[in-house]
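Engineer: Structure file data-v2.txt (compact mmCIF, N, CA, C and O atoms) is given on the next line.
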```
# COMPACT_ATOMS: atom_id res chain seq x y z
N MET O 1 -98.29 -30.47 112.39
CA MET O 1 -97.31 -31.46 112.00
C MET O 1 -98.02 -32.76 111.65
O MET O 1 -98.90 -33.22 112.36
N LEU O 2 -97.60 -33.35 110.53
CA LEU O 2 -98.14 -34.64 110.10
C LEU O 2 -97.30 -35.75 110.74
O LEU O 2 -96.08 -35.76 110.61
N ARG O 3 -97.97 -36.65 111.44
CA ARG O 3 -97.27 -37.79 112.05
C ARG O 3 -97.55 -39.04 111.23
O ARG O 3 -98.69 -39.46 111.09
N ILE O 4 -96.48 -39.64 110.71
CA ILE O 4 -96.57 -40.86 109.92
C ILE O 4 -96.02 -42.01 110.76
O ILE O 4 -94.93 -41.91 111.32
N GLY O 5 -96.77 -43.09 110.82
CA GLY O 5 -96.33 -44.27 111.54
C GLY O 5 -96.15 -45.45 110.60
O GLY O 5 -96.88 -45.60 109.64
N THR O 6 -95.13 -46.23 110.87
CA THR O 6 -94.95 -47.50 110.16
C THR O 6 -95.03 -48.59 111.22
O THR O 6 -94.59 -48.41 112.34
N ALA O 7 -95.64 -49.70 110.85
CA ALA O 7 -95.81 -50.77 111.83
C ALA O 7 -95.54 -52.12 111.19
O ALA O 7 -95.86 -52.35 110.02
N CYS O 8 -94.93 -53.00 111.98
CA CYS O 8 -94.72 -54.38 111.56
C CYS O 8 -94.97 -55.27 112.76
O CYS O 8 -95.28 -54.79 113.85
N GLY O 9 -94.85 -56.54 112.58
CA GLY O 9 -95.15 -57.49 113.64
C GLY O 9 -94.30 -57.29 114.88
O GLY O 9 -94.80 -57.32 116.00
N SER O 10 -93.01 -57.04 114.71
CA SER O 10 -92.11 -56.92 115.86
C SER O 10 -91.72 -55.48 116.17
O SER O 10 -91.23 -55.19 117.25
N GLY O 11 -91.91 -54.57 115.21
CA GLY O 11 -91.56 -53.17 115.44
C GLY O 11 -90.10 -52.86 115.27
O GLY O 11 -89.64 -51.79 115.63
N LEU O 12 -89.35 -53.79 114.71
CA LEU O 12 -87.92 -53.56 114.58
C LEU O 12 -87.52 -53.38 113.12
O LEU O 12 -87.61 -52.30 112.59
N GLY O 13 -87.10 -54.44 112.49
CA GLY O 13 -86.49 -54.35 111.17
C GLY O 13 -87.31 -53.73 110.07
O GLY O 13 -86.94 -52.68 109.54
N SER O 14 -88.42 -54.35 109.70
CA SER O 14 -89.12 -53.88 108.51
C SER O 14 -89.77 -52.52 108.70
O SER O 14 -89.72 -51.69 107.81
N SER O 15 -90.36 -52.26 109.87
CA SER O 15 -90.98 -50.95 110.06
C SER O 15 -89.93 -49.85 110.13
O SER O 15 -90.16 -48.73 109.66
N PHE O 16 -88.76 -50.15 110.68
CA PHE O 16 -87.68 -49.16 110.74
C PHE O 16 -87.15 -48.89 109.33
O PHE O 16 -86.88 -47.74 108.97
N MET O 17 -87.04 -49.93 108.51
CA MET O 17 -86.59 -49.76 107.13
C MET O 17 -87.58 -48.87 106.36
O MET O 17 -87.18 -47.95 105.65
N VAL O 18 -88.88 -49.14 106.52
CA VAL O 18 -89.89 -48.33 105.83
C VAL O 18 -89.83 -46.89 106.34
O VAL O 18 -89.92 -45.94 105.55
N GLN O 19 -89.63 -46.69 107.64
CA GLN O 19 -89.49 -45.34 108.20
C GLN O 19 -88.34 -44.60 107.52
O GLN O 19 -88.50 -43.46 107.08
N MET O 20 -87.18 -45.22 107.44
CA MET O 20 -86.02 -44.58 106.83
C MET O 20 -86.27 -44.27 105.36
O MET O 20 -85.89 -43.20 104.87
N ASN O 21 -86.93 -45.19 104.65
CA ASN O 21 -87.23 -44.97 103.24
C ASN O 21 -88.23 -43.83 103.06
O ASN O 21 -88.09 -43.02 102.13
N ILE O 22 -89.24 -43.74 103.93
CA ILE O 22 -90.19 -42.62 103.86
C ILE O 22 -89.46 -41.31 104.10
O ILE O 22 -89.68 -40.33 103.37
N GLU O 23 -88.59 -41.26 105.10
CA GLU O 23 -87.84 -40.04 105.38
C GLU O 23 -86.98 -39.64 104.18
O GLU O 23 -86.89 -38.46 103.84
N GLN O 24 -86.36 -40.61 103.53
CA GLN O 24 -85.54 -40.33 102.34
C GLN O 24 -86.40 -39.76 101.22
O GLN O 24 -86.03 -38.78 100.57
N ILE O 25 -87.56 -40.35 100.99
CA ILE O 25 -88.46 -39.89 99.93
C ILE O 25 -88.95 -38.48 100.23
O ILE O 25 -88.96 -37.61 99.35
N LEU O 26 -89.35 -38.22 101.47
CA LEU O 26 -89.81 -36.88 101.85
C LEU O 26 -88.70 -35.85 101.61
O LEU O 26 -88.96 -34.75 101.13
N ASN O 27 -87.47 -36.24 101.93
CA ASN O 27 -86.33 -35.36 101.70
C ASN O 27 -86.14 -35.08 100.22
O ASN O 27 -85.93 -33.93 99.81
N GLU O 28 -86.23 -36.14 99.40
CA GLU O 28 -86.10 -35.98 97.95
C GLU O 28 -87.20 -35.08 97.39
O GLU O 28 -86.97 -34.36 96.41
N LEU O 29 -88.39 -35.14 97.98
CA LEU O 29 -89.50 -34.32 97.52
C LEU O 29 -89.39 -32.87 98.00
O LEU O 29 -90.17 -32.02 97.58
N GLY O 30 -88.43 -32.62 98.88
CA GLY O 30 -88.24 -31.27 99.39
C GLY O 30 -89.21 -30.88 100.50
O GLY O 30 -89.44 -29.70 100.74
N VAL O 31 -89.78 -31.87 101.17
CA VAL O 31 -90.71 -31.60 102.26
C VAL O 31 -89.92 -31.09 103.47
O VAL O 31 -88.90 -31.67 103.85
N ASP O 32 -90.40 -30.02 104.05
CA ASP O 32 -89.79 -29.43 105.24
C ASP O 32 -89.89 -30.46 106.37
O ASP O 32 -90.98 -30.84 106.79
N GLN O 33 -88.73 -30.88 106.88
CA GLN O 33 -88.69 -31.94 107.90
C GLN O 33 -89.37 -31.52 109.20
O GLN O 33 -89.74 -32.38 109.99
N SER O 34 -89.55 -30.22 109.42
CA SER O 34 -90.24 -29.79 110.63
C SER O 34 -91.75 -29.97 110.51
O SER O 34 -92.47 -29.83 111.49
N GLN O 35 -92.21 -30.29 109.31
CA GLN O 35 -93.64 -30.48 109.06
C GLN O 35 -94.09 -31.93 109.23
O GLN O 35 -95.28 -32.21 109.27
N VAL O 36 -93.12 -32.87 109.30
CA VAL O 36 -93.45 -34.29 109.32
C VAL O 36 -92.60 -35.02 110.35
O VAL O 36 -91.41 -34.75 110.49
N GLU O 37 -93.23 -35.95 111.03
CA GLU O 37 -92.53 -36.82 111.97
C GLU O 37 -92.85 -38.26 111.56
O GLU O 37 -94.02 -38.60 111.37
N VAL O 38 -91.81 -39.08 111.42
CA VAL O 38 -92.01 -40.48 111.03
C VAL O 38 -91.45 -41.36 112.15
O VAL O 38 -90.31 -41.18 112.57
N GLU O 39 -92.27 -42.29 112.63
CA GLU O 39 -91.86 -43.21 113.69
C GLU O 39 -92.26 -44.63 113.32
O GLU O 39 -93.21 -44.83 112.55
N HIS O 40 -91.54 -45.61 113.88
CA HIS O 40 -91.89 -47.01 113.64
C HIS O 40 -92.38 -47.65 114.93
O HIS O 40 -91.97 -47.26 116.02
N TYR O 41 -93.27 -48.62 114.77
CA TYR O 41 -93.93 -49.27 115.91
C TYR O 41 -94.10 -50.76 115.64
O TYR O 41 -94.01 -51.21 114.50
N ASP O 42 -94.42 -51.49 116.70
CA ASP O 42 -94.85 -52.88 116.53
C ASP O 42 -96.37 -52.90 116.66
O ASP O 42 -96.95 -52.06 117.36
N MET O 43 -97.02 -53.82 115.99
CA MET O 43 -98.48 -53.86 115.96
C MET O 43 -99.08 -54.01 117.35
O MET O 43 -100.20 -53.56 117.60
N GLY O 44 -98.36 -54.60 118.27
CA GLY O 44 -98.89 -54.81 119.61
C GLY O 44 -98.99 -53.55 120.44
O GLY O 44 -99.73 -53.52 121.43
N SER O 45 -98.28 -52.49 120.06
CA SER O 45 -98.28 -51.29 120.88
C SER O 45 -98.82 -50.05 120.17
O SER O 45 -98.72 -48.96 120.71
N VAL O 46 -99.40 -50.22 118.99
CA VAL O 46 -99.91 -49.06 118.27
C VAL O 46 -101.32 -48.70 118.73
O VAL O 46 -102.07 -49.56 119.18
N SER O 47 -101.62 -47.42 118.62
CA SER O 47 -102.98 -46.95 118.86
C SER O 47 -103.28 -45.89 117.81
O SER O 47 -102.36 -45.28 117.26
N PRO O 48 -104.55 -45.66 117.52
CA PRO O 48 -104.90 -44.69 116.47
C PRO O 48 -104.30 -43.30 116.71
O PRO O 48 -104.05 -42.58 115.74
N ASP O 49 -104.05 -42.92 117.95
CA ASP O 49 -103.52 -41.57 118.20
C ASP O 49 -101.99 -41.50 118.16
O ASP O 49 -101.41 -40.45 118.37
N SER O 50 -101.33 -42.63 117.84
CA SER O 50 -99.87 -42.63 117.73
C SER O 50 -99.39 -41.91 116.47
O SER O 50 -98.29 -41.39 116.43
N ALA O 51 -100.23 -41.92 115.42
CA ALA O 51 -99.87 -41.28 114.16
C ALA O 51 -101.13 -40.88 113.41
O ALA O 51 -102.21 -41.41 113.68
N ASP O 52 -100.97 -39.95 112.47
CA ASP O 52 -102.11 -39.50 111.66
C ASP O 52 -102.34 -40.43 110.47
O ASP O 52 -103.47 -40.63 110.04
N VAL O 53 -101.24 -40.95 109.93
CA VAL O 53 -101.28 -41.83 108.76
C VAL O 53 -100.35 -43.00 109.02
O VAL O 53 -99.26 -42.82 109.57
N TRP O 54 -100.79 -44.18 108.62
CA TRP O 54 -100.00 -45.40 108.84
C TRP O 54 -99.62 -46.04 107.51
O TRP O 54 -100.43 -46.06 106.58
N PHE O 55 -98.41 -46.59 107.46
CA PHE O 55 -97.97 -47.42 106.34
C PHE O 55 -97.68 -48.80 106.90
O PHE O 55 -96.86 -48.94 107.81
N VAL O 56 -98.40 -49.80 106.37
CA VAL O 56 -98.20 -51.18 106.83
C VAL O 56 -98.18 -52.12 105.62
O VAL O 56 -98.73 -51.81 104.57
N ALA O 57 -97.55 -53.27 105.81
CA ALA O 57 -97.52 -54.28 104.77
C ALA O 57 -98.91 -54.90 104.62
O ALA O 57 -99.71 -54.91 105.57
N ALA O 58 -99.18 -55.42 103.43
CA ALA O 58 -100.50 -55.98 103.12
C ALA O 58 -100.91 -57.07 104.11
O ALA O 58 -102.09 -57.19 104.43
N ASP O 59 -99.94 -57.85 104.61
CA ASP O 59 -100.29 -58.93 105.53
C ASP O 59 -100.78 -58.43 106.89
O ASP O 59 -101.34 -59.19 107.67
N LEU O 60 -100.60 -57.13 107.16
CA LEU O 60 -101.06 -56.55 108.43
C LEU O 60 -102.26 -55.64 108.23
O LEU O 60 -102.70 -54.98 109.18
N ALA O 61 -102.81 -55.61 107.02
CA ALA O 61 -103.92 -54.69 106.72
C ALA O 61 -105.09 -54.88 107.68
O ALA O 61 -105.63 -53.90 108.21
N GLU O 62 -105.48 -56.11 107.92
CA GLU O 62 -106.62 -56.36 108.79
C GLU O 62 -106.31 -55.96 110.23
O GLU O 62 -107.11 -55.32 110.90
N ALA O 63 -105.11 -56.30 110.70
CA ALA O 63 -104.71 -55.96 112.07
C ALA O 63 -104.62 -54.46 112.28
O ALA O 63 -104.80 -53.97 113.39
N ALA O 64 -104.35 -53.71 111.20
CA ALA O 64 -104.18 -52.26 111.32
C ALA O 64 -105.45 -51.49 110.99
O ALA O 64 -105.46 -50.26 111.08
N SER O 65 -106.51 -52.18 110.67
CA SER O 65 -107.72 -51.51 110.20
C SER O 65 -108.32 -50.54 111.22
O SER O 65 -109.00 -49.60 110.86
N HIS O 66 -108.04 -50.75 112.50
CA HIS O 66 -108.58 -49.88 113.55
C HIS O 66 -107.80 -48.58 113.70
O HIS O 66 -108.19 -47.71 114.50
N LEU O 67 -106.71 -48.42 112.95
CA LEU O 67 -105.83 -47.26 113.16
C LEU O 67 -106.28 -46.00 112.42
O LEU O 67 -105.73 -44.94 112.65
N GLY O 68 -107.25 -46.10 111.56
CA GLY O 68 -107.73 -44.92 110.83
C GLY O 68 -107.20 -44.88 109.42
O GLY O 68 -107.50 -45.75 108.61
N ASP O 69 -106.39 -43.87 109.11
CA ASP O 69 -105.86 -43.68 107.75
C ASP O 69 -104.66 -44.60 107.57
O ASP O 69 -103.55 -44.30 108.00
N VAL O 70 -104.90 -45.75 106.93
CA VAL O 70 -103.86 -46.76 106.73
C VAL O 70 -103.59 -46.89 105.24
O VAL O 70 -104.50 -47.10 104.45
N ARG O 71 -102.33 -46.78 104.87
CA ARG O 71 -101.89 -46.96 103.48
C ARG O 71 -101.21 -48.32 103.41
O ARG O 71 -100.24 -48.57 104.13
N ILE O 72 -101.74 -49.19 102.58
CA ILE O 72 -101.25 -50.57 102.48
C ILE O 72 -100.14 -50.66 101.44
O ILE O 72 -100.29 -50.17 100.31
N LEU O 73 -99.04 -51.29 101.83
CA LEU O 73 -97.92 -51.53 100.91
C LEU O 73 -97.96 -52.99 100.47
O LEU O 73 -97.88 -53.89 101.30
N ASN O 74 -98.08 -53.19 99.17
CA ASN O 74 -98.07 -54.55 98.64
C ASN O 74 -96.70 -55.19 98.83
O ASN O 74 -96.59 -56.38 99.04
N SER O 75 -95.66 -54.35 98.76
CA SER O 75 -94.29 -54.82 98.99
C SER O 75 -93.54 -53.75 99.76
O SER O 75 -93.41 -52.62 99.27
N ILE O 76 -93.05 -54.09 100.94
CA ILE O 76 -92.35 -53.09 101.74
C ILE O 76 -90.96 -52.77 101.20
O ILE O 76 -90.33 -51.82 101.64
N ILE O 77 -90.48 -53.54 100.23
CA ILE O 77 -89.16 -53.27 99.66
C ILE O 77 -89.24 -52.61 98.28
O ILE O 77 -88.22 -52.33 97.67
N ASP O 78 -90.45 -52.37 97.78
CA ASP O 78 -90.64 -51.75 96.47
C ASP O 78 -90.60 -50.23 96.64
O ASP O 78 -91.58 -49.62 97.04
N MET O 79 -89.44 -49.64 96.35
CA MET O 79 -89.28 -48.20 96.53
C MET O 79 -90.18 -47.40 95.60
O MET O 79 -90.63 -46.31 95.95
N ASP O 80 -90.46 -47.93 94.42
CA ASP O 80 -91.34 -47.21 93.49
C ASP O 80 -92.75 -47.11 94.06
O ASP O 80 -93.37 -46.05 94.01
N GLU O 81 -93.25 -48.21 94.62
CA GLU O 81 -94.58 -48.19 95.23
C GLU O 81 -94.61 -47.22 96.41
O GLU O 81 -95.53 -46.42 96.55
N LEU O 82 -93.59 -47.29 97.27
CA LEU O 82 -93.54 -46.42 98.44
C LEU O 82 -93.46 -44.96 98.02
O LEU O 82 -94.18 -44.12 98.56
N LYS O 83 -92.62 -44.66 97.02
CA LYS O 83 -92.49 -43.27 96.57
C LYS O 83 -93.81 -42.76 96.02
O LYS O 83 -94.20 -41.62 96.29
N GLU O 84 -94.51 -43.60 95.28
CA GLU O 84 -95.80 -43.21 94.72
C GLU O 84 -96.80 -42.88 95.84
O GLU O 84 -97.48 -41.85 95.80
N LYS O 85 -96.84 -43.72 96.87
CA LYS O 85 -97.81 -43.52 97.95
C LYS O 85 -97.41 -42.37 98.88
O LYS O 85 -98.27 -41.63 99.35
N VAL O 86 -96.13 -42.18 99.11
CA VAL O 86 -95.67 -41.06 99.95
C VAL O 86 -95.87 -39.75 99.19
O VAL O 86 -96.30 -38.74 99.79
N THR O 87 -95.61 -39.74 97.89
CA THR O 87 -95.81 -38.53 97.09
C THR O 87 -97.29 -38.16 97.09
O THR O 87 -97.64 -36.98 97.27
N ALA O 88 -98.17 -39.15 96.92
CA ALA O 88 -99.61 -38.89 96.95
C ALA O 88 -100.02 -38.31 98.29
O ALA O 88 -100.81 -37.36 98.36
N LEU O 89 -99.49 -38.86 99.37
CA LEU O 89 -99.80 -38.36 100.71
C LEU O 89 -99.32 -36.92 100.89
O LEU O 89 -100.05 -36.07 101.39
N ALA O 90 -98.11 -36.65 100.45
CA ALA O 90 -97.54 -35.31 100.58
C ALA O 90 -98.37 -34.29 99.79
O ALA O 90 -98.61 -33.17 100.27
N GLU O 91 -98.81 -34.68 98.61
CA GLU O 91 -99.66 -33.78 97.80
C GLU O 91 -101.01 -33.58 98.48
O GLU O 91 -101.51 -32.46 98.58
N GLU O 92 -101.58 -34.67 98.96
CA GLU O 92 -102.88 -34.63 99.63
C GLU O 92 -102.86 -33.73 100.86
O GLU O 92 -103.82 -32.99 101.13
N LYS O 93 -101.76 -33.73 101.59
CA LYS O 93 -101.64 -32.95 102.83
C LYS O 93 -101.04 -31.57 102.59
O LYS O 93 -100.80 -30.83 103.55
N GLY O 94 -100.78 -31.23 101.33
CA GLY O 94 -100.27 -29.90 101.01
C GLY O 94 -98.83 -29.66 101.40
O GLY O 94 -98.43 -28.53 101.65
N LEU O 95 -98.04 -30.72 101.46
CA LEU O 95 -96.63 -30.60 101.85
C LEU O 95 -95.72 -30.29 100.68
O LEU O 95 -94.58 -29.86 100.88
N ILE O 96 -96.20 -30.54 99.46
CA ILE O 96 -95.39 -30.24 98.27
C ILE O 96 -96.26 -29.52 97.25
O ILE O 96 -97.47 -29.56 97.31
```
Before anything else, please render the file you have as structure tokens.

Structural biologist:
Amino acid sequence: MLRIGTACGSGLGSSFMVQMNIEQILNELGVDQSQVEVEHYDMGSVSPDSADVWFVAADLAEAASHLGDVRILNSIIDMDELKEKVTALAEEKGLI
């Protein structure tokens, strides 16, 4: 199972929004939901083993650099950018 984490400063609004948008995109791509788990976190409580791949806003790139596979979002509200990066991830991991 691929574990995707989203993180923001407080772990509430923006990371939860990105989580929901990722889940919607994965659904649109036809990814089997049993193959992927998406969770949201706050930067203060994340660890590299919390998820396999992370999506964070550009302003948190440096703070998230210790997490391993981090995908930087220039805009957390740009659905086209998110869809492009989630689609690339799904292809890379053999989910679609």

Engineer: Within 8 Å of Ala64 in chain O, counting only C-alpha atoms, which residues show up once you throw out same-chain ones fewer than 6 positions away? Write them as a ChimeraX atom specification, please.

Structural biologist: /O:43,56,70

Engineer: One number please: atom C of Pro48 in chain O to CA of Leu60 in chain O, in Å, one decimal.

Structural biologist: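 We find that atom C of Pro48 in chain O and CA of Leu60 in chain O lie 16.0 Å from each other.
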
Engineer: Point out the residue among O:Asp42, O:Ala61, O:Glu28, O:Gln35 with the least atom-to-atom distance to Ser10 in chain O, counting only N, CA, C and O atoms.

Structural biologist: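 So, comparing all the options, the nearest one is O:Asp42.
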
Engineer: Closest to Arg71 in chain O among O:Ala57, O:Ala51, O:Ile22, O:Val36, using only N, CA, C and O atoms?

Structural biologist: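 For Arg71 in chain O, the nearest of the given residues is O:Ala57.
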
Engineer: Set up a box along x, y and z of the file covering all listed atoms of range 36-53 of chain O, add 3 Å on every one of the six sides, and write the centre and edge lengths in Å to one decimal, as AutoDock Vina command-line options.

Structural biologist:
```
--center_x -97.6 --center_y -43.8 --center_z 115.1 --size_x 20.6 --size_y 27.9 --size_z 18.7
```

Engineer: Would you mind reading off the distance between atom O of Ala58 in chain O and atom C of Lys85 in chain O, one decimal, in Å?

Structural biologist: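 Calculated distance between atom O of Ala58 in chain O and atom C of Lys85 in chain O is 16.5 Å.
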